[in-house]
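Each remark here refers to the structure printed beneath this line.
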Amino acid sequence: MLKNRRALITGSTSGIGLAIARALVAEGAEVILNGLGDPAEIEALCDELGASYNGANLMDAGAIAQMMADVGPIDILVNNAGMQHVAAVEDFPPEKWDAIIALNLSAAFHTTRAAVPGMKAAGWGRIINTASAHSLAASPFKCAYVAAKHGLTGFTKTIALELATCGITANCISPGYVWTPLVENQIPDTMAARGMTRDQVMNDVLLAKQPTKSFVLPEDVAALAVFLCGDAARNITGANYTIDGGWTAE
Ligand code: NAD
């Protein structure tokens with residue numbers, strides 16, 4: 001379905017981004033990986049997927065500009081890289097705030113502004129931004145993440161309107177809790193911030209949010225991304241698709 005389409009997926013060396021990369025390759029797309037990680041493991045992923053790799057640090061606007069120039073025109077842009085930090089607002093390190101806004105929000109602007117001219121020239125494009133249930137609802141101790149994800153949906157709606165007549169769609173996917181390193185790594189800080197055990201965090205904080213009482217699978221998110229890349233989704237733009245086990249229905 002996506003033969004002859006070139007896709008750049010940020011933060012695709014792990015978790016949701018890697019699942020999206022695998023799913024797009026399965027549909028015939030050429031994939032460019034981005035993200036941090038062990039060089040040998042990334043090389044193995046490139047071999048597995050027939051992919052290329054650009055290791056730009058997305059907290060650096062200059063590095064993003066260089067990446068976009070090196071990668072060249074793309075048909076599909078998935079802004080997926082992200083990070084989390086859990087702390088009360090008065091204890092939240094300002095450098096963590098800046099890093100989360102840079103990676104989870106500003107990076108999507110920097111990649112998009114560089115990708116759009118090529119998509120316009122081709123008359124076809126798909127921009128998919130991995131937002132979060134936290135683009136629609138807040139949780140305490142995640143001020144930077146919630147602010148960035150709310151901002152990402154506003155950015156997405158704006159570009160959807162700007163690009164509506166250009167054959168380019170822009171949408172958000174908003175997962176609830178997906179079992180990836182991003183979730184696993186926040187458990188110790190959440191234990192500290194809330195004075196809880198690991199089991200209490202798992203059941204009373206994470207899965208308490210999801211009426212289905214189960215984690216979303218990265219592959220489920222990837223299947224939604226594939227759908228949004230397809231022709232049947234040509235009139236879906238400016239949307240924010242939740243895949244959150246019912247979290248935001250409450
Ligand atoms: P992950 O930690 O498994 O993957 C994050 C990816 O971002 C990795 O490839 C990492 O190398 C990359 N990355 C981190 N810092 C980077 C930097 N400075 N420059 C370039 N790449 C960088 O996390 P994940 O859970 O797969 O998260 C992917 C996206 O999904 C994020 O935007 C996250 O906010 C969002 N999300 C995750 C969940 C969840 O429960 N896991 C829920 C909702 C939304």
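The chains in the structure tokens are called A, B, ... from first to last as shown; in each chain the residues are counted from 1, and the ligands are counted from 1 in the order shown.
Residues in contact with region 123-125 of chain A at up to 9 Å, not including ones fewer than 5 positions away on its chain and judged by only C-alpha atoms, are A:Ile74, A:Asp75, A:Ile76, A:Leu77, A:Val116, A:Gly118, A:Cys166, A:Gly167, A:Ile168, A:Thr169, A:Ala170, A:Cys229.
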Go ahead and save the picked residues with all heavy atoms, as a compact mmCIF listing (two decimals), in the first residue's frame.
# COMPACT_ATOMS: atom_id res chain seq x y z
N ILE A 74 10.52 13.72 1.77
CA ILE A 74 9.84 12.56 2.36
C ILE A 74 8.33 12.70 2.11
O ILE A 74 7.81 13.81 1.95
CB ILE A 74 10.11 12.42 3.87
CG1 ILE A 74 9.87 13.75 4.59
CG2 ILE A 74 11.50 11.88 4.13
CD1 ILE A 74 9.95 13.66 6.10
N ASP A 75 7.65 11.56 2.08
CA ASP A 75 6.20 11.54 1.89
C ASP A 75 5.46 11.46 3.22
O ASP A 75 4.34 11.92 3.34
CB ASP A 75 5.80 10.32 1.04
CG ASP A 75 6.56 10.27 -0.27
OD1 ASP A 75 6.34 11.17 -1.10
OD2 ASP A 75 7.41 9.37 -0.44
N ILE A 76 6.10 10.79 4.17
CA ILE A 76 5.47 10.54 5.47
C ILE A 76 6.43 11.01 6.56
O ILE A 76 7.61 10.64 6.57
CB ILE A 76 5.18 9.03 5.65
CG1 ILE A 76 4.20 8.55 4.58
CG2 ILE A 76 4.66 8.74 7.06
CD1 ILE A 76 4.12 7.02 4.46
N LEU A 77 5.91 11.84 7.45
CA LEU A 77 6.70 12.31 8.60
C LEU A 77 5.96 11.91 9.86
O LEU A 77 4.81 12.30 10.06
CB LEU A 77 6.85 13.84 8.55
CG LEU A 77 7.46 14.50 9.78
CD1 LEU A 77 8.90 14.04 10.00
CD2 LEU A 77 7.40 16.03 9.66
N VAL A 116 7.48 20.08 4.63
CA VAL A 116 6.28 20.50 3.89
C VAL A 116 6.56 20.91 2.43
O VAL A 116 5.80 20.52 1.53
CB VAL A 116 5.52 21.60 4.68
CG1 VAL A 116 4.62 22.43 3.78
CG2 VAL A 116 4.71 20.95 5.80
N GLY A 118 8.57 19.78 0.18
CA GLY A 118 8.67 18.58 -0.65
C GLY A 118 7.32 17.89 -0.81
O GLY A 118 6.97 17.41 -1.89
N CYS A 166 -3.71 20.69 -0.10
CA CYS A 166 -2.43 20.32 -0.74
C CYS A 166 -2.23 18.80 -0.84
O CYS A 166 -1.14 18.35 -1.20
CB CYS A 166 -1.27 20.91 0.06
SG CYS A 166 -1.33 22.69 0.25
N GLY A 167 -3.25 18.02 -0.47
CA GLY A 167 -3.08 16.56 -0.47
C GLY A 167 -2.28 16.06 0.71
O GLY A 167 -1.79 14.92 0.71
N ILE A 168 -2.14 16.92 1.70
CA ILE A 168 -1.33 16.58 2.89
C ILE A 168 -2.24 16.57 4.11
O ILE A 168 -2.96 17.55 4.36
CB ILE A 168 -0.20 17.63 3.10
CG1 ILE A 168 0.66 17.76 1.84
CG2 ILE A 168 0.65 17.25 4.31
CD1 ILE A 168 1.58 18.98 1.85
N THR A 169 -2.21 15.49 4.87
CA THR A 169 -2.98 15.45 6.11
C THR A 169 -2.04 15.51 7.31
O THR A 169 -0.87 15.12 7.21
CB THR A 169 -3.85 14.18 6.22
OG1 THR A 169 -2.99 13.04 6.37
CG2 THR A 169 -4.75 14.01 5.00
N ALA A 170 -2.57 16.02 8.41
CA ALA A 170 -1.79 16.09 9.66
C ALA A 170 -2.70 15.69 10.80
O ALA A 170 -3.77 16.28 10.98
CB ALA A 170 -1.27 17.51 9.87
N CYS A 229 -1.97 6.66 6.99
CA CYS A 229 -1.14 6.87 5.78
C CYS A 229 -1.87 6.45 4.51
O CYS A 229 -1.45 6.80 3.40
CB CYS A 229 0.16 6.07 5.88
SG CYS A 229 1.31 6.74 7.06
Pro94 (chain A) surroundings by only C-alpha atoms, 12 Å radius, close-in-sequence under 6 positions cut, as a PyMOL selection string: chain A and resi 85+87-88+100-101+143-144
Dump N, CA and C atoms for the selected residues as a compact mmCIF listing (two decimals), in the first residue's frame?
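Dumped to out30.txt:
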# COMPACT_ATOMS: atom_id res chain seq x y z
N HIS A 85 9.29 13.47 32.33
CA HIS A 85 9.91 13.66 33.64
C HIS A 85 8.79 13.88 34.65
N ALA A 87 7.71 15.09 38.35
CA ALA A 87 8.06 15.82 39.58
C ALA A 87 7.00 16.89 39.83
N ALA A 88 6.86 17.25 41.09
CA ALA A 88 5.95 18.35 41.43
C ALA A 88 6.45 19.65 40.79
N ILE A 100 11.93 18.88 27.56
CA ILE A 100 10.68 18.23 27.15
C ILE A 100 9.94 19.08 26.12
N ILE A 101 9.92 20.39 26.31
CA ILE A 101 9.27 21.25 25.31
C ILE A 101 10.03 21.15 23.99
N CYS A 143 3.90 18.36 34.44
CA CYS A 143 3.49 19.65 33.87
C CYS A 143 4.09 19.88 32.48
N ALA A 144 5.37 19.55 32.29
CA ALA A 144 6.00 19.84 31.00
C ALA A 144 5.44 18.93 29.91
Closest contacts (chain A/ligand 1, max 9 Å, only C-alpha atoms and all ligand atoms) as CSV:
residue,atom,partner,partner_atom_place_in_ligand_line,distance
A:Thr10,CA,ligand 1,21 (N),6.2
A:Gly11,CA,ligand 1,9 (O),3.4
A:Ser12,CA,ligand 1,9 (O),4.5
A:Thr13,CA,ligand 1,9 (O),3.9
A:Ser14,CA,ligand 1,9 (O),4.3
A:Gly15,CA,ligand 1,26 (O),3.4
A:Ile16,CA,ligand 1,26 (O),3.7
A:Gly17,CA,ligand 1,26 (O),5.6
A:Leu18,CA,ligand 1,9 (O),7.2
A:Ala19,CA,ligand 1,26 (O),8.4
A:Leu33,CA,ligand 1,9 (O),8.7
A:Asn34,CA,ligand 1,21 (N),6.2
A:Gly35,CA,ligand 1,21 (N),3.6
A:Leu36,CA,ligand 1,11 (O),3.5
A:Gly37,CA,ligand 1,11 (O),5.7
A:Gly55,CA,ligand 1,20 (C),6.8
A:Ala56,CA,ligand 1,20 (C),6.0
A:Asn57,CA,ligand 1,19 (N),3.7
A:Leu58,CA,ligand 1,19 (N),3.9
A:Met59,CA,ligand 1,18 (N),5.1
A:Asp60,CA,ligand 1,18 (N),7.9
A:Asn79,CA,ligand 1,32 (O),7.5
A:Asn80,CA,ligand 1,32 (O),4.6
A:Ala81,CA,ligand 1,7 (O),3.7
A:Gly82,CA,ligand 1,32 (O),3.6
A:Met83,CA,ligand 1,34 (O),5.7
A:Gln84,CA,ligand 1,34 (O),6.8
A:Ala99,CA,ligand 1,18 (N),8.2
A:Ala102,CA,ligand 1,18 (N),8.7
A:Leu103,CA,ligand 1,18 (N),6.2
A:Asn104,CA,ligand 1,32 (O),6.0
A:Ala107,CA,ligand 1,19 (N),8.8
A:Asn129,CA,ligand 1,32 (O),8.0
A:Thr130,CA,ligand 1,32 (O),5.3
A:Ala131,CA,ligand 1,44 (C),5.5
A:Ser132,CA,ligand 1,43 (C),3.9
A:Ala133,CA,ligand 1,43 (C),6.2
A:His134,CA,ligand 1,43 (C),7.2
A:Ser135,CA,ligand 1,43 (C),8.9
A:Tyr145,CA,ligand 1,34 (O),7.5
A:Lys149,CA,ligand 1,34 (O),7.7
A:Ile173,CA,ligand 1,44 (C),8.2
A:Ser174,CA,ligand 1,43 (C),6.0
A:Pro175,CA,ligand 1,43 (C),4.3
A:Gly176,CA,ligand 1,42 (C),4.9
A:Tyr177,CA,ligand 1,40 (O),3.4
A:Val178,CA,ligand 1,40 (O),3.6
A:Trp179,CA,ligand 1,41 (N),5.6
A:Thr180,CA,ligand 1,25 (O),4.7
A:Pro181,CA,ligand 1,3 (O),4.6
A:Leu182,CA,ligand 1,2 (O),3.9
A:Val183,CA,ligand 1,41 (N),5.1
A:Glu184,CA,ligand 1,41 (N),8.3
A:Asn185,CA,ligand 1,2 (O),8.2
A:Leu206,CA,ligand 1,40 (O),9.0
A:Phe215,CA,ligand 1,40 (O),7.9
A:Val216,CA,ligand 1,40 (O),7.6
A:Pro218,CA,ligand 1,26 (O),7.4
A:Ile243,CA,ligand 1,43 (C),9.0
A:Asp244,CA,ligand 1,42 (C),8.4
field: Contacts of Gly28 (chain A) within 12 Å, only C-alpha atoms, excl. fewer than 4 positions in-chain, as JSON, numbers by chain
entry: {"A": [1, 2, 3, 4, 5, 6, 7, 21, 22, 23, 24, 49, 50, 51, 226, 229]}
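The closest residue to Thr158 (chain A), picked from A:Cys172, A:Ala115, A:Leu8, A:Ile42 and counting only C-alpha atoms, is A:Cys172.
The spacing separating CA of Met202 (chain A) from CA of Leu136 (chain A) amounts to 21.3 Å.
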- request: For each of A:Gly245, A:Gly230, A:Ala63, A:Phe92, take the minimum atom-to-atom distance to Ser214 (chain A), counting only C-alpha atoms, then give the residue where this is smallest.
  value: A:Gly245
